[in-house]
>>> print(open('query15.cif').read())   # mmCIF, C-alpha atoms
data_structure
#
loop_
_atom_site.label_atom_id
_atom_site.label_comp_id
_atom_site.auth_asym_id
_atom_site.auth_seq_id
_atom_site.Cartn_x
_atom_site.Cartn_y
_atom_site.Cartn_z
CA MET A 1 89.14 99.08 86.16
CA TYR A 2 90.07 102.71 86.53
CA LYS A 3 87.47 105.48 86.69
CA VAL A 4 89.47 108.66 87.43
CA ILE A 5 93.14 109.14 86.53
CA MET A 6 95.04 112.20 87.76
CA VAL A 7 98.12 113.51 85.96
CA PRO A 8 100.01 116.31 87.72
CA THR A 9 101.58 118.60 85.13
CA ASP A 10 103.90 121.57 85.52
CA GLY A 11 103.92 122.87 81.95
CA SER A 12 107.57 121.93 81.41
CA GLY A 13 106.88 119.30 78.75
CA PHE A 14 108.79 116.62 80.67
CA ASP A 15 105.48 115.03 81.67
CA SER A 16 104.43 114.22 78.10
CA GLU A 17 105.18 110.48 78.46
CA ALA A 18 103.09 110.27 81.64
CA ILE A 19 100.21 112.05 79.92
CA ARG A 20 100.38 109.66 76.96
CA ALA A 21 100.43 106.63 79.27
CA ALA A 22 97.47 107.98 81.25
CA LEU A 23 95.47 108.68 78.08
CA ARG A 24 96.16 105.20 76.71
CA ILE A 25 95.02 103.54 79.94
CA ALA A 26 91.99 105.85 80.19
CA GLU A 27 90.94 105.09 76.63
CA LYS A 28 91.02 101.34 77.31
CA SER A 29 89.23 101.57 80.66
CA LYS A 30 86.87 104.46 79.75
CA ALA A 31 88.26 106.50 82.64
CA LYS A 32 88.32 110.27 83.04
CA VAL A 33 91.70 112.00 82.89
CA ARG A 34 92.23 115.04 85.11
CA LEU A 35 95.22 117.19 84.23
CA VAL A 36 96.10 119.10 87.39
CA ARG A 37 98.57 121.95 87.68
CA VAL A 38 99.52 123.58 90.97
CA LEU A 39 101.10 127.02 91.14
CA ASP A 40 103.34 126.68 94.15
CA THR A 41 102.79 129.57 96.55
CA GLN A 42 105.58 128.25 98.78
CA SER A 43 108.25 127.76 96.17
CA PHE A 44 111.72 126.46 96.80
CA PHE A 45 113.13 129.96 96.40
CA GLY A 46 110.86 131.53 99.03
CA THR A 47 107.59 133.44 99.03
CA THR A 48 106.63 137.06 99.08
CA THR A 49 105.89 138.26 102.59
CA GLU A 50 102.95 140.51 103.44
CA ALA A 51 105.31 143.45 103.91
CA GLU A 52 106.78 142.89 100.44
CA TRP A 53 103.38 142.58 98.71
CA THR A 54 102.67 145.21 96.05
CA PRO A 55 100.00 145.70 93.38
CA THR A 56 102.65 144.64 90.87
CA SER A 57 103.13 141.26 92.56
CA ALA A 58 99.35 140.68 92.52
CA GLU A 59 99.26 141.55 88.82
CA LEU A 60 102.09 139.13 88.11
CA GLY A 61 100.20 136.43 90.02
CA ARG A 62 97.08 136.96 87.90
CA SER A 63 99.17 136.94 84.76
CA GLU A 64 100.88 133.68 85.74
CA ARG A 65 97.55 132.06 86.53
CA ALA A 66 96.06 133.16 83.20
CA ARG A 67 99.07 131.83 81.31
CA ALA A 68 99.00 128.50 83.17
CA LEU A 69 95.27 128.09 82.53
CA SER A 70 95.74 128.85 78.84
CA GLU A 71 98.50 126.21 78.64
CA LEU A 72 96.28 123.66 80.37
CA TYR A 73 93.40 124.24 77.94
CA ALA A 74 95.79 123.92 74.99
CA LEU A 75 97.21 120.68 76.43
CA ALA A 76 93.73 119.22 76.92
CA ALA A 77 92.77 120.11 73.35
CA GLU A 78 95.89 118.35 72.07
CA CYS A 79 95.08 115.27 74.17
CA ARG A 80 91.58 115.04 72.69
CA ILE A 81 93.00 115.04 69.14
CA GLY A 82 94.98 111.83 69.55
CA PHE A 83 92.91 109.94 72.15
CA LYS A 84 89.24 109.21 72.76
CA ALA A 85 89.32 110.08 76.45
CA ASP A 86 87.34 112.42 78.68
CA VAL A 87 89.92 115.08 79.61
CA THR A 88 89.39 117.90 82.10
CA VAL A 89 91.80 120.46 83.58
CA ASP A 90 92.17 122.04 86.99
CA LEU A 91 94.45 124.81 88.24
CA HIS A 92 95.15 125.39 91.93
CA GLY A 93 97.58 127.26 94.13
CA GLY A 94 99.41 126.15 97.25
CA PRO A 95 102.02 123.64 98.40
CA VAL A 96 102.17 121.20 95.47
CA ALA A 97 102.15 117.86 97.32
CA ASP A 98 99.41 118.91 99.78
CA VAL A 99 97.16 120.27 97.04
CA LEU A 100 97.54 117.14 94.90
CA GLN A 101 96.80 114.83 97.84
CA GLY A 102 93.65 116.75 98.72
CA TYR A 103 92.54 116.87 95.10
CA ALA A 104 93.00 113.12 94.66
CA ARG A 105 90.87 112.41 97.74
CA ARG A 106 88.06 114.82 96.81
CA HIS A 107 87.75 113.52 93.25
CA GLU A 108 88.09 109.83 94.14
CA VAL A 109 91.15 109.35 91.95
CA ASP A 110 92.13 105.69 91.64
CA LEU A 111 95.40 106.12 89.69
CA ILE A 112 98.02 108.90 89.73
CA VAL A 113 100.40 109.03 86.76
CA MET A 114 103.63 111.05 86.91
CA SER A 115 106.85 111.32 84.90
CA THR A 116 110.42 111.29 86.06
CA HIS A 117 113.58 112.00 84.11
CA GLY A 118 117.33 112.00 84.52
CA ARG A 119 117.78 115.64 85.46
CA THR A 120 119.58 116.55 88.65
CA GLY A 121 119.60 119.54 90.95
CA VAL A 122 116.53 121.52 92.01
CA SER A 123 114.20 120.03 89.37
CA ARG A 124 114.95 116.50 90.51
CA LEU A 125 114.60 117.47 94.17
CA SER A 126 111.19 119.03 93.56
CA LEU A 127 109.92 116.12 91.48
CA GLY A 128 111.23 113.54 93.91
CA SER A 129 109.68 115.23 96.92
CA VAL A 130 106.21 115.47 95.33
CA THR A 131 106.23 111.87 94.09
CA ASP A 132 107.56 110.65 97.42
CA SER A 133 104.91 112.55 99.34
CA LEU A 134 102.06 111.20 97.20
CA ILE A 135 103.28 107.63 97.68
CA ARG A 136 103.75 108.00 101.44
CA HIS A 137 100.54 109.87 102.25
CA THR A 138 97.92 108.26 100.01
CA SER A 139 96.78 104.71 99.36
CA ILE A 140 96.24 105.54 95.67
CA PRO A 141 98.63 103.66 93.33
CA VAL A 142 101.18 105.95 91.69
CA LEU A 143 102.41 105.07 88.21
CA VAL A 144 105.86 106.64 87.86
CA VAL A 145 106.76 106.79 84.17
CA LYS A 146 110.47 106.79 83.49
CA THR A 147 111.34 108.80 80.40
CA PRO A 148 114.42 108.08 78.28
CA GLU A 149 117.78 109.76 78.81
CA SER A 150 117.36 111.63 75.53
CA TYR A 151 114.66 114.32 75.53
CA LEU A 152 114.82 114.64 71.74
CA ASN A 153 114.15 110.98 70.96
CA PRO A 154 111.64 109.49 73.41
CA GLN A 155 111.40 105.71 73.23
CA LEU A 156 108.61 104.91 75.71
CA PRO A 157 106.83 101.69 74.71
CA HIS A 158 103.25 101.98 73.50
CA ALA A 159 102.11 99.71 76.34
CA PHE A 160 103.40 98.03 79.48
CA LYS A 161 103.72 94.56 77.96
CA ARG A 162 105.99 92.97 80.56
CA ILE A 163 105.40 93.67 84.24
CA VAL A 164 107.77 92.50 86.99
CA VAL A 165 106.24 92.02 90.45
CA PRO A 166 108.74 91.53 93.29
CA LEU A 167 107.32 89.41 96.14
CA ASP A 168 108.89 88.46 99.46
CA GLY A 169 106.23 86.22 100.98
CA SER A 170 104.58 89.03 102.96
CA MET A 171 100.95 90.12 102.82
CA LEU A 172 102.15 93.68 102.17
CA ALA A 173 103.95 92.72 98.96
CA GLU A 174 100.88 90.84 97.71
CA GLU A 175 98.65 93.92 98.16
CA VAL A 176 99.79 95.18 94.76
CA LEU A 177 98.53 92.08 92.92
CA PRO A 178 94.91 93.27 92.34
CA ARG A 179 96.30 96.49 90.81
CA VAL A 180 98.63 94.45 88.62
CA LEU A 181 95.74 92.24 87.54
CA ALA A 182 93.70 95.25 86.41
CA LEU A 183 96.55 96.91 84.53
CA ALA A 184 97.86 93.70 82.96
CA LYS A 185 94.43 92.88 81.57
CA LEU A 186 94.14 96.35 80.03
CA GLU A 187 97.62 96.19 78.54
CA GLU A 188 97.47 92.46 77.65
CA ALA A 189 100.75 92.14 79.52
CA GLU A 190 102.80 89.21 80.72
CA VAL A 191 103.49 89.24 84.46
CA SER A 192 106.77 87.99 85.91
CA LEU A 193 106.67 87.18 89.63
CA LEU A 194 110.10 87.62 91.17
CA GLN A 195 111.52 86.64 94.55
CA VAL A 196 114.97 87.77 95.63
CA LEU A 197 116.76 85.47 98.06
CA ILE A 198 119.22 87.32 100.29
CA PRO A 199 122.22 85.28 101.58
CA HIS A 200 122.41 85.20 105.37
CA SER A 201 125.06 82.72 106.40
CA TYR A 202 128.76 82.98 105.56
CA SER A 203 128.48 79.91 103.32
CA GLN A 204 125.61 81.41 101.36
CA LYS A 205 127.46 84.69 100.88
CA GLU A 206 130.55 82.86 99.66
CA MET A 207 128.69 80.69 97.16
CA PHE A 208 125.57 82.02 95.41
CA ASP A 209 125.00 78.75 93.49
CA PRO A 210 121.34 77.79 94.17
CA SER A 211 122.12 74.10 93.56
CA LEU A 212 124.25 73.87 96.69
CA PRO A 213 122.73 72.13 99.77
CA TRP A 214 122.31 75.23 101.94
CA TRP A 215 120.19 76.87 99.24
CA ASP A 216 117.93 73.87 98.57
CA LYS A 217 115.34 74.68 101.23
CA ASP A 218 115.19 78.41 100.49
CA VAL A 219 114.82 77.87 96.74
CA SER A 220 112.18 75.13 97.19
CA LEU A 221 110.10 77.32 99.49
CA ALA A 222 110.35 80.26 97.09
CA GLN A 223 109.33 78.08 94.13
CA ALA A 224 106.28 76.74 95.97
CA TYR A 225 105.24 80.23 97.08
CA LEU A 226 105.57 81.79 93.61
CA PHE A 227 103.77 78.83 92.00
CA ARG A 228 100.82 79.35 94.36
CA ILE A 229 100.55 83.07 93.55
CA ALA A 230 101.03 82.45 89.82
CA SER A 231 98.20 79.89 89.83
CA ARG A 232 95.82 82.48 91.30
CA LEU A 233 96.71 85.02 88.60
CA ARG A 234 96.48 82.48 85.79
CA ARG A 235 92.94 81.62 86.88
CA ASN A 236 92.14 85.26 86.13
CA GLY A 237 93.41 84.93 82.59
CA LEU A 238 96.93 86.37 82.94
CA MET A 239 100.12 85.08 81.37
CA VAL A 240 102.48 84.55 84.32
CA THR A 241 106.08 83.41 84.72
CA THR A 242 108.09 82.98 87.93
CA ASP A 243 111.75 83.68 88.64
CA ILE A 244 114.11 83.48 91.62
CA VAL A 245 117.35 85.42 91.85
CA ILE A 246 120.01 85.53 94.56
CA GLY A 247 121.59 88.83 95.56
CA GLU A 248 122.87 90.73 98.55
CA HIS A 249 120.74 93.81 97.83
CA ALA A 250 117.07 93.38 96.89
CA ALA A 251 116.72 96.70 95.06
CA ASP A 252 119.78 96.10 92.87
CA ALA A 253 118.69 92.53 92.12
CA ILE A 254 115.18 93.64 91.11
CA ALA A 255 116.45 96.50 88.93
CA ASP A 256 119.03 94.25 87.23
CA PHE A 257 116.43 91.55 86.58
CA ALA A 258 113.97 94.05 85.10
CA SER A 259 116.67 95.49 82.84
CA ARG A 260 117.86 92.05 81.75
CA GLU A 261 114.31 90.90 80.96
CA LYS A 262 113.52 94.18 79.16
CA ALA A 263 110.57 94.81 81.48
CA ASP A 264 108.37 97.83 80.85
CA LEU A 265 107.14 98.17 84.44
CA ILE A 266 107.95 97.14 88.01
CA ALA A 267 104.91 96.91 90.32
CA ILE A 268 105.63 96.97 94.04
CA ALA A 269 103.88 97.64 97.35
CA THR A 270 105.67 99.72 99.97
CA HIS A 271 105.40 100.70 103.61
CA GLY A 272 106.07 104.26 102.46
CA ARG A 273 107.89 105.11 105.67
CA GLY A 274 109.45 108.52 106.16
CA GLY A 275 111.78 110.30 108.54
CA LEU A 276 114.74 108.70 110.26
CA ALA A 277 113.21 105.22 110.08
CA ARG A 278 113.36 105.37 106.28
CA MET A 279 116.85 106.87 106.31
CA LEU A 280 118.26 104.12 108.52
CA ARG A 281 116.40 101.16 107.00
CA GLY A 282 116.07 102.32 103.45
CA SER A 283 113.24 101.47 101.08
CA VAL A 284 113.41 98.95 98.25
CA ALA A 285 110.79 100.84 96.22
CA ASP A 286 112.56 104.15 96.77
CA ALA A 287 115.96 102.72 95.81
CA ILE A 288 114.61 101.20 92.58
CA MET A 289 112.76 104.38 91.66
CA HIS A 290 115.79 106.63 92.01
CA SER A 291 118.36 104.33 90.42
CA GLY A 292 116.46 102.21 87.91
CA ARG A 293 115.46 102.95 84.34
CA VAL A 294 112.12 101.13 84.40
CA SER A 295 108.72 102.70 85.05
CA MET A 296 107.10 101.75 88.35
CA LEU A 297 103.64 101.21 89.80
CA VAL A 298 103.97 101.90 93.53
CA LEU A 299 101.23 101.24 96.08
CA LYS A 300 100.99 102.00 99.76
CA PRO A 301 98.05 99.82 100.89
CA ASP A 302 95.10 101.17 102.87
CA ASP A 303 95.91 99.33 106.10
CA VAL A 304 99.50 100.59 105.98
CA ALA A 305 98.34 104.15 105.25
CA THR A 306 96.04 104.17 108.30
CA THR A 307 98.37 102.50 110.81
CA GLU A 308 101.81 103.57 109.68
CA LEU A 309 101.75 107.09 111.14
CA SER A 310 101.84 106.10 114.82
CA HIS A 311 104.16 103.24 114.00
CA ASP A 312 106.61 105.54 112.24
CA VAL A 313 106.55 108.07 115.08
CA GLY A 314 107.60 105.38 117.53
CA GLU A 315 110.24 104.03 115.17
CA ASP A 316 111.56 107.51 114.41
CA LEU A 317 111.90 108.20 118.14
CA ALA A 318 113.78 104.94 118.56
CA ALA A 319 115.96 105.74 115.57
CA ALA A 320 116.63 109.23 116.91
CA ALA A 321 117.60 107.73 120.25
CA LEU A 322 119.97 105.36 118.48
CA VAL A 323 121.58 108.21 116.53
CA ALA A 324 121.93 110.26 119.72
CA MET A 325 123.46 107.31 121.55
CA VAL A 326 125.99 106.73 118.78
CA ALA A 327 126.82 110.43 118.63
CA SER A 328 127.22 110.57 122.42
CA SER A 329 129.47 107.52 122.37
CA SER A 330 131.60 109.00 119.60
CA ALA A 331 131.91 112.27 121.51
CA LYS A 332 133.05 110.43 124.64
CA GLN A 333 135.65 108.53 122.62
CA LEU A 334 136.97 111.75 121.10
CA THR A 335 137.14 113.31 124.56
CA ALA A 336 139.07 110.34 125.86
CA ILE A 337 141.50 110.55 122.94
CA ASP A 338 142.03 114.25 123.51
#
>>> encode(input="query15.cif", output="structure tokens")
Amino acid sequence: MYKVIMVPTDGSGFDSEAIRAALRIAEKSKAKVRLVRVLDTQSFFGTTTEAEWTPTSAELGRSERARALSELYALAAECRIGFKADVTVDLHGGPVADVLQGYARRHEVDLIVMSTHGRTGVSRLSLGSVTDSLIRHTSIPVLVVKTPESYLNPQLPHAFKRIVVPLDGSMLAEEVLPRVLALAKLEEAEVSLLQVLIPHSYSQKEMFDPSLPWWDKDVSLAQAYLFRIASRLRRNGLMVTTDIVIGEHAADAIADFASREKADLIAIATHGRGGLARMLRGSVADAIMHSGRVSMLVLKPDDVATTELSHDVGEDLAAAALVAMVASSSAKQLTAID
């Protein structure tokens, strides 16, 4: 069960669905909700240098802080009206992602809840970078609440009643299962275990029919694997179904399945890689988050969080070498053509 839930808020109002989801979960698990706002001192548009500092800028800073604190207190009061949850507020200054990561560690947060929406441009860039940083640099699960396209008519379900859990047979993917178990019990949700089979041979790519001979072994292995995991979850009192889909791209297949099944949430574990390694390989969790319409529970497990840094550095160096080699080769070809 959850004990401390952190909800980053920026005062824009676009985080209302995340706050409601956090309060609902907190009420059921008797957890504390911490509403945290960070005044970014290194904003996207630049900061005031020491030479540019004036008494007026200091006064504006105090005024902004006072206004933000007043808004936080008003938000907390509103939360206490509709929910029986212990709500506190905190206001800090600094780089948003760094401050939130430090805060989560100091206060032993065990769930971070954030909203996303369909806006583009600077707002989406800022939101995406903070969410991405929290996922990659902490082992705390991040619940990313997708809000509807329409801001005037929110349609977020009152609970996450159907949770899709993509599995690929790896220990990493299974790391999210204890988190799913806790949330599904709170929400009285049905869990759908999903495995995506990716065609490898030419025959498989030509014919996606799982009844054909070259799919028999892959489908049978997937069925046995999902049945074993489902049995474990059912012994803990969960309602569990299993499904297998065939597709060339895992992220697209998962998002399509979740949409087709009217899922409320996708729960997935991730390596949370960054840099060139992520750019070249891509990330299933990242692709679903930025293209899908379903809320997500994303976890970077502890063992990955502690070992991934050195691993990523080596991979990024290798990736950089590959990019340099390709660029060098292309340059030589252009020279030869000239």
>>> resolve_selection(input="query15.cif", expression="the PyMOL selection byres ((chain A and resi 235-249) around 10)", output="PyMOL selection string")
chain A and resi 162-166+181+184-185+188-200+204-205+208-210+215+219+222-223+225-227+229-234+250-254+257+284
>>> atom_distance(input="query15.cif", atom1="CA of Lys28 in chain A", atom2="CA of Thr9 in chain A")
21.7 Å
>>> closest_residue(input="query15.cif", among="A:Val4, A:Ile25, A:Val87, A:Leu39", to="Arg106 in chain A", atoms="all atoms listed in the file")
A:Val4
>>> closest_residue(input="query15.cif", among="A:Val38, A:Ala66, A:Val96, A:Val33", to="Lys84 in chain A", atoms="all atoms listed in the file")
A:Val33
>>> closest_residue(input="query15.cif", among="A:Glu187, A:Asp98, A:Glu261, A:Asp132", to="Val294 in chain A", atoms="all atoms listed in the file")
A:Glu261
>>> resolve_selection(input="query15.cif", expression="the PyMOL selection byres ((chain A and resi 24) around 10)", output="PyMOL selection string")
chain A and resi 18-23+25-31+82-85+158-159+186-187
>>> atom_distance(input="query15.cif", atom1="CA of Val99 in chain A", atom2="CA of Lys300 in chain A")
18.9 Å
>>> residues_around(input="query15.cif", residues="Ala267 in chain A", least_positions_apart="6", cutoff="10 Å", atoms="all atoms listed in the file", output="VMD selection string")
chain A and resid 141 to 143 163 to 167 173 176 to 177 179 to 180 191 193 285 295 to 299
>>> write_last_selection(input="query15.cif", atoms="C-alpha atoms", output="mmCIF file, in the coordinates of the input")
data_model
loop_
_atom_site.group_PDB
_atom_site.id
_atom_site.type_symbol
_atom_site.label_atom_id
_atom_site.label_comp_id
_atom_site.auth_asym_id
_atom_site.auth_seq_id
_atom_site.Cartn_x
_atom_site.Cartn_y
_atom_site.Cartn_z
ATOM 1 C CA PRO A 141 98.630 103.660 93.330
ATOM 2 C CA VAL A 142 101.180 105.950 91.690
ATOM 3 C CA LEU A 143 102.410 105.070 88.210
ATOM 4 C CA ILE A 163 105.400 93.670 84.240
ATOM 5 C CA VAL A 164 107.770 92.500 86.990
ATOM 6 C CA VAL A 165 106.240 92.020 90.450
ATOM 7 C CA PRO A 166 108.740 91.530 93.290
ATOM 8 C CA LEU A 167 107.320 89.410 96.140
ATOM 9 C CA ALA A 173 103.950 92.720 98.960
ATOM 10 C CA VAL A 176 99.790 95.180 94.760
ATOM 11 C CA LEU A 177 98.530 92.080 92.920
ATOM 12 C CA ARG A 179 96.300 96.490 90.810
ATOM 13 C CA VAL A 180 98.630 94.450 88.620
ATOM 14 C CA VAL A 191 103.490 89.240 84.460
ATOM 15 C CA LEU A 193 106.670 87.180 89.630
ATOM 16 C CA ALA A 285 110.790 100.840 96.220
ATOM 17 C CA SER A 295 108.720 102.700 85.050
ATOM 18 C CA MET A 296 107.100 101.750 88.350
ATOM 19 C CA LEU A 297 103.640 101.210 89.800
ATOM 20 C CA VAL A 298 103.970 101.900 93.530
ATOM 21 C CA LEU A 299 101.230 101.240 96.080
#
>>> closest_residue(input="query15.cif", among="A:Leu111, A:Val89, A:Ala97, A:Ala224", to="Gly169 in chain A", atoms="only C-alpha atoms")
A:Ala224
